[in-house]
$ cat structure_28.txt   # compact mmCIF, C-alpha atoms
# COMPACT_ATOMS: atom_id res chain seq x y z
CA MET A 1 -5.11 -21.53 13.84
CA ALA A 2 -2.57 -23.53 11.86
CA ILE A 3 -1.78 -22.20 8.42
CA THR A 4 -1.05 -24.82 5.76
CA GLU A 5 0.07 -24.40 2.19
CA GLU A 6 -2.93 -26.42 0.99
CA ARG A 7 -5.15 -23.51 1.96
CA ALA A 8 -3.43 -21.09 -0.42
CA HIS A 9 -5.87 -18.87 -2.32
CA THR A 10 -8.61 -19.45 0.29
CA TYR A 11 -7.44 -17.11 3.05
CA GLY A 12 -9.69 -14.41 4.44
CA PHE A 13 -9.08 -11.34 6.55
CA THR A 14 -9.42 -13.34 9.77
CA ASP A 15 -6.45 -15.48 8.70
CA LEU A 16 -4.07 -12.53 8.46
CA PRO A 17 -3.05 -12.42 12.15
CA ALA A 18 -2.02 -16.09 11.94
CA LEU A 19 -0.08 -15.41 8.75
CA MET A 20 1.64 -12.46 10.36
CA GLY A 21 2.38 -14.61 13.40
CA LEU A 22 4.54 -16.87 11.25
CA MET A 23 7.01 -14.00 10.83
CA THR A 24 9.31 -13.68 13.82
CA GLY A 25 12.77 -12.30 14.53
CA ASP A 26 14.23 -8.92 15.33
CA GLU A 27 11.88 -6.79 13.24
CA LYS A 28 11.26 -3.59 15.22
CA HIS A 29 8.38 -2.08 13.24
CA GLY A 30 5.37 -4.06 14.43
CA PRO A 31 3.07 -1.01 14.77
CA ALA A 32 4.06 0.11 11.27
CA ALA A 33 2.88 -3.23 9.94
CA THR A 34 -0.36 -3.59 11.85
CA SER A 35 -1.38 0.01 11.05
CA THR A 36 -1.58 -0.91 7.37
CA LEU A 37 -3.35 -4.25 7.64
CA ASP A 38 -6.97 -3.20 7.03
CA ALA A 39 -6.20 -0.78 4.20
CA LEU A 40 -4.01 -3.34 2.44
CA TRP A 41 -6.65 -6.03 2.74
CA VAL A 42 -9.47 -3.88 1.35
CA LEU A 43 -7.26 -2.79 -1.55
CA TYR A 44 -6.15 -6.30 -2.50
CA ASP A 45 -9.46 -7.98 -1.78
CA ARG A 46 -11.88 -5.50 -3.34
CA VAL A 47 -10.21 -2.70 -5.27
CA LEU A 48 -6.95 -3.52 -7.04
CA ARG A 49 -7.11 -5.23 -10.41
CA VAL A 50 -4.08 -7.41 -9.76
CA GLY A 51 -3.36 -11.08 -9.20
CA PRO A 52 -0.57 -13.64 -9.42
CA GLU A 53 -1.77 -14.58 -12.91
CA ARG A 54 -1.37 -11.06 -14.29
CA MET A 55 1.85 -9.74 -12.73
CA ASP A 56 3.19 -8.96 -16.23
CA ASP A 57 -0.10 -7.70 -17.67
CA PRO A 58 0.33 -4.10 -18.92
CA GLY A 59 -3.31 -3.46 -18.02
CA ARG A 60 -2.92 -4.36 -14.34
CA ASP A 61 -3.23 -1.78 -11.58
CA ARG A 62 0.04 -0.82 -9.92
CA PHE A 63 0.39 -0.81 -6.14
CA LEU A 64 3.54 0.82 -4.75
CA LEU A 65 4.22 0.26 -1.05
CA SER A 66 6.15 3.28 0.15
CA LYS A 67 5.66 2.51 3.85
CA GLY A 68 7.98 -0.44 3.46
CA HIS A 69 9.48 -0.64 6.95
CA GLY A 70 7.66 -3.32 8.88
CA PRO A 71 6.24 -5.13 5.82
CA MET A 72 4.74 -8.11 7.64
CA ALA A 73 1.15 -7.12 6.83
CA TYR A 74 2.08 -6.65 3.17
CA TYR A 75 3.68 -10.08 2.99
CA ALA A 76 0.71 -11.65 4.76
CA VAL A 77 -1.73 -10.13 2.28
CA LEU A 78 0.41 -11.18 -0.69
CA ALA A 79 0.48 -14.72 0.69
CA ALA A 80 -3.27 -14.68 1.28
CA LYS A 81 -3.85 -13.65 -2.32
CA GLY A 82 -1.54 -16.27 -3.78
CA PHE A 83 1.38 -14.09 -4.88
CA LEU A 84 3.80 -16.00 -2.70
CA PRO A 85 3.61 -19.27 -0.74
CA ALA A 86 2.75 -19.06 2.93
CA ASP A 87 5.67 -21.33 3.75
CA TRP A 88 8.01 -18.45 2.90
CA LEU A 89 6.73 -16.45 5.86
CA PRO A 90 8.57 -18.21 8.72
CA GLY A 91 11.88 -17.32 7.08
CA PHE A 92 11.10 -13.59 7.15
CA GLY A 93 14.23 -11.49 7.58
CA SER A 94 16.65 -14.41 7.47
CA TYR A 95 19.79 -14.36 5.36
CA ASP A 96 18.47 -16.52 2.53
CA SER A 97 14.83 -15.40 2.57
CA PRO A 98 13.35 -13.32 -0.26
CA LEU A 99 11.22 -11.58 2.38
CA GLY A 100 13.48 -8.92 3.80
CA HIS A 101 12.80 -6.24 6.40
CA HIS A 102 12.17 -3.98 3.42
CA PRO A 103 10.51 -5.46 0.31
CA ASP A 104 12.67 -6.02 -2.76
CA ARG A 105 10.81 -5.95 -6.09
CA VAL A 106 13.30 -8.39 -7.61
CA LEU A 107 12.66 -10.98 -4.90
CA VAL A 108 9.03 -10.51 -3.82
CA PRO A 109 6.38 -11.61 -6.34
CA GLY A 110 3.85 -8.84 -6.88
CA ALA A 111 6.00 -6.04 -5.47
CA GLU A 112 6.22 -3.17 -7.95
CA ILE A 113 9.06 -1.30 -6.19
CA GLY A 114 11.73 -1.87 -3.59
CA SER A 115 10.66 0.18 -0.61
CA GLY A 116 11.55 1.43 2.83
CA SER A 117 13.31 4.70 2.08
CA LEU A 118 10.93 7.34 3.40
CA GLY A 119 9.52 9.76 0.87
CA HIS A 120 10.19 7.92 -2.38
CA GLY A 121 6.97 5.99 -3.06
CA LEU A 122 4.68 8.88 -3.98
CA PRO A 123 7.19 10.45 -6.41
CA LEU A 124 7.61 7.02 -8.03
CA ALA A 125 3.84 6.67 -8.26
CA VAL A 126 3.61 10.06 -9.98
CA GLY A 127 6.23 8.93 -12.49
CA THR A 128 4.42 5.63 -13.01
CA ALA A 129 1.11 7.40 -13.70
CA LEU A 130 2.83 9.75 -16.13
CA GLY A 131 4.53 6.85 -17.89
CA LEU A 132 1.30 4.90 -18.28
CA ARG A 133 -0.44 7.98 -19.66
CA ALA A 134 2.38 8.57 -22.13
CA GLN A 135 1.95 4.98 -23.37
CA GLY A 136 -1.77 5.47 -23.86
CA LEU A 137 -2.59 3.00 -21.08
CA ASP A 138 -5.67 4.68 -19.66
CA GLU A 139 -7.16 1.80 -17.66
CA PRO A 140 -4.48 0.93 -15.08
CA ARG A 141 -4.75 2.77 -11.79
CA VAL A 142 -1.70 3.60 -9.71
CA TRP A 143 -1.93 3.29 -5.94
CA THR A 144 0.69 4.06 -3.34
CA LEU A 145 0.53 3.64 0.43
CA VAL A 146 2.51 6.06 2.58
CA GLY A 147 2.76 6.82 6.28
CA ASP A 148 1.88 10.19 7.78
CA ALA A 149 5.48 10.60 8.96
CA GLU A 150 6.62 10.30 5.35
CA LEU A 151 4.86 13.58 4.66
CA ASP A 152 7.68 15.22 6.62
CA GLU A 153 9.81 14.53 3.52
CA GLY A 154 9.99 17.31 0.95
CA SER A 155 9.99 14.87 -1.96
CA ASN A 156 6.38 14.01 -1.20
CA HIS A 157 5.28 17.63 -1.22
CA GLU A 158 6.88 18.15 -4.61
CA ALA A 159 4.98 15.11 -5.88
CA ILE A 160 1.70 16.33 -4.37
CA ALA A 161 2.19 19.80 -5.85
CA PHE A 162 2.89 18.38 -9.31
CA ALA A 163 0.20 15.69 -9.51
CA GLY A 164 -2.81 17.95 -8.93
CA PRO A 165 -2.19 20.47 -11.74
CA ALA A 166 -1.07 17.59 -13.99
CA GLY A 167 -4.54 16.05 -13.62
CA LEU A 168 -3.24 12.57 -12.82
CA GLU A 169 -6.69 11.06 -12.37
CA ARG A 170 -5.38 7.49 -12.26
CA LEU A 171 -3.15 8.26 -9.26
CA HIS A 172 -4.31 7.31 -5.76
CA THR A 173 -2.54 7.73 -2.44
CA VAL A 174 -3.43 6.09 0.87
CA VAL A 175 -1.95 7.83 3.90
CA ILE A 176 -1.87 5.72 7.06
CA ASP A 177 -2.21 8.30 9.83
CA ASN A 178 -1.00 6.89 13.14
CA SER A 179 -0.03 10.31 14.56
CA SER A 180 3.69 9.80 14.03
CA ALA A 181 4.41 12.84 11.86
CA THR A 182 6.72 15.48 13.30
CA TYR A 183 5.27 18.58 11.68
CA ALA A 184 1.67 19.70 12.02
CA ARG A 185 -0.33 20.72 8.96
CA PRO A 186 -2.92 23.50 9.22
CA GLY A 187 -6.29 21.94 8.46
CA GLY A 188 -4.91 18.40 8.58
CA ILE A 189 -3.50 16.07 5.96
CA THR A 190 -6.52 16.20 3.65
CA ALA A 191 -6.23 19.99 3.42
CA ARG A 192 -2.65 19.66 2.15
CA PHE A 193 -3.77 17.47 -0.73
CA GLU A 194 -6.85 19.57 -1.49
CA ALA A 195 -4.75 22.73 -1.65
CA ALA A 196 -2.77 21.11 -4.47
CA GLY A 197 -5.87 20.19 -6.47
CA TRP A 198 -6.41 16.63 -5.23
CA SER A 199 -9.62 14.97 -4.17
CA ALA A 200 -9.14 13.91 -0.53
CA LEU A 201 -11.12 12.02 2.12
CA ALA A 202 -10.36 10.99 5.70
CA VAL A 203 -11.84 7.79 7.15
CA ASP A 204 -11.48 5.30 9.98
CA GLY A 205 -8.57 3.14 8.87
CA ARG A 206 -10.04 0.04 10.55
CA ALA A 207 -13.54 0.29 9.01
CA HIS A 208 -13.56 -1.80 5.85
CA GLU A 209 -16.74 -0.44 4.32
CA ALA A 210 -15.63 3.15 4.93
CA LEU A 211 -12.26 2.39 3.37
CA PHE A 212 -13.87 0.78 0.34
CA ALA A 213 -16.23 3.71 -0.17
CA ALA A 214 -13.35 6.18 0.08
CA PHE A 215 -11.12 4.13 -2.23
CA THR A 216 -13.81 3.97 -4.91
CA ALA A 217 -15.16 7.54 -4.60
CA PRO A 218 -15.28 9.33 -7.98
CA HIS A 219 -12.70 12.06 -8.55
CA PRO A 220 -12.87 13.09 -12.23
CA GLY A 221 -9.81 14.94 -13.48
CA ARG A 222 -7.99 14.84 -10.14
CA PRO A 223 -5.70 12.48 -8.25
CA HIS A 224 -7.26 11.05 -5.11
CA ALA A 225 -5.95 10.73 -1.54
CA VAL A 226 -7.47 8.73 1.31
CA VAL A 227 -6.24 9.41 4.84
CA ALA A 228 -6.81 6.25 6.90
CA ARG A 229 -6.75 7.17 10.59
CA VAL A 230 -5.66 4.43 12.97
CA GLU A 231 -4.65 4.30 16.63
CA PRO A 232 -1.58 6.42 17.52
CA LYS A 233 1.70 4.58 17.10
CA ASN A 234 2.71 4.93 20.74
CA ALA A 235 -0.73 4.47 22.28
$ encode --input "structure_28.txt" --output "C-alpha cells"
Amino acid sequence: MAITEERAHTYGFTDLPALMGLMTGDEKHGPAATSTLDALWVLYDRVLRVGPERMDDPGRDRFLLSKGHGPMAYYAVLAAKGFLPADWLPGFGSYDSPLGHHPDRVLVPGAEIGSGSLGHGLPLAVGTALGLRAQGLDEPRVWTLVGDAELDEGSNHEAIAFAGPAGLERLHTVVIDNSSATYARPGGITARFEAAGWSALAVDGRAHEALFAAFTAPHPGRPHAVVARVEPKNA
C-alpha cells in the first residue's frame, strides 16, 4: 500500500508495516523494533493521553522509550498519530534526518527522552513520576517501555526497588519479553516487580485486547508493570 502525506492522522494499525517499510538502510535491530509494535500501538491509540496538539501540556501523560535501539516501530506510530510527517520516514538514519538510529528528544516531536542506552529509561521514569508528584501534578501518568534484556542492568533494579515502597502509583512499565535477557529470574519477570511492591501482569504481547486490559488494570497505591511476551528474538 502506498503511504501519502495526505492520509496523515487517518492511519490505523494495518498501515504500520507500510510505514515501517519506508525506513531502510543499515539498521541492525529489526526484531527489536517489531517486538514493540503492538504494545506501542495500543498505548498510543487507546491509553496515553498525548497528542501533537498537547506536547507542551503539563497535564499530558509521559511516555519514555527506553528500548530505543531499533526505533522504527516508534517512529511509525508517531507518524501514524500525527506527531511527525510520514515523509520523514524514508530518510531514517541518514546524515541530515531527525530520525536517528536512536531517538533524540530534541529532534523527534513527541519524544520525551533521548534513548538507546540500556538501563536508563526506568530510572528516568521514576524521577519523572517523583517530579510530577512534587509539583502537585496528580493526573499525568508516566509510562516507560523497556526490553527484558535491559533488566540485566543494575540501574533498573535500583529503580524497581525504589518505586514500590515510594508508592509511585502513576508509574507504569511495559517490559517487552522476547527471551533475550542473559540472567534468569526465579519466578519470572513479574515476580521481580511484585517482590518490590509493584502490581504486575504478564500477557501476550501481540493480543491487543489483552494488552489494553493489562495496561488499564487498577493498581491503587502501587506502580504497575506489564510484561508483554512476544516471539523469541532469535526464533
$ closest_residue --input "structure_28.txt" --among "A:Glu153, A:Asp38, A:Glu194, A:Asp61" --to "Ala125 in chain A" --atoms "only C-alpha atoms"
A:Asp61
$ closest_residue --input "structure_28.txt" --among "A:Gly12, A:Gly68, A:Pro52, A:Gly197" --to "Pro109 in chain A" --atoms "only C-alpha atoms"
A:Pro52
$ residues_around --input "structure_28.txt" --residues "range 113-119 of chain A" --least-positions-apart "2" --cutoff "9 Å" --atoms "all atoms listed in the file" --output "MDAnalysis selection string"
chainID A and resid 63:71 101:106 111 121:124 146:147 149:156
$ closest_atom_pairs --input "structure_28.txt" --of "range 26-107 of chain A" --to "range 218-233 of chain A" --cutoff "8 Å" --atoms "all atoms listed in the file" --output "Markdown table"
| residue | atom | partner | partner_atom | distance |
| --- | --- | --- | --- | --- |
| A:Pro31 | CA | A:Lys233 | CA | 6.2 |
| A:Ala32 | CA | A:Lys233 | CA | 7.7 |
| A:Ser35 | CA | A:Val230 | CA | 6.4 |
| A:Ala39 | CA | A:Ala228 | CA | 7.6 |
$ closest_residue --input "structure_28.txt" --among "A:Thr36, A:Ser179, A:Ser94, A:Ser199" --to "Ala217 in chain A" --atoms "only C-alpha atoms"
A:Ser199
$ residues_around --input "structure_28.txt" --residues "Leu43 in chain A" --least-positions-apart "3" --cutoff "9 Å" --atoms "all atoms listed in the file" --output "short mmCIF file (atom, residue, chain, number, x, y, z; two decimals) with C-alpha atoms, in the frame of the given file"
data_model
loop_
_atom_site.label_atom_id
_atom_site.label_comp_id
_atom_site.auth_asym_id
_atom_site.auth_seq_id
_atom_site.Cartn_x
_atom_site.Cartn_y
_atom_site.Cartn_z
CA ASP A 38 -6.97 -3.20 7.03
CA ALA A 39 -6.20 -0.78 4.20
CA LEU A 40 -4.01 -3.34 2.44
CA ARG A 46 -11.88 -5.50 -3.34
CA VAL A 47 -10.21 -2.70 -5.27
CA LEU A 48 -6.95 -3.52 -7.04
CA LEU A 211 -12.26 2.39 3.37
CA PHE A 212 -13.87 0.78 0.34
CA PHE A 215 -11.12 4.13 -2.23
#
$ residues_around --input "structure_28.txt" --residues "Gly21 in chain A" --least-positions-apart "2" --cutoff "12 Å" --atoms "only C-alpha atoms" --output "MDAnalysis selection string"
chainID A and resid 1:3 15:19 23:25 30 33:34 72:73 75:76 86 89:92
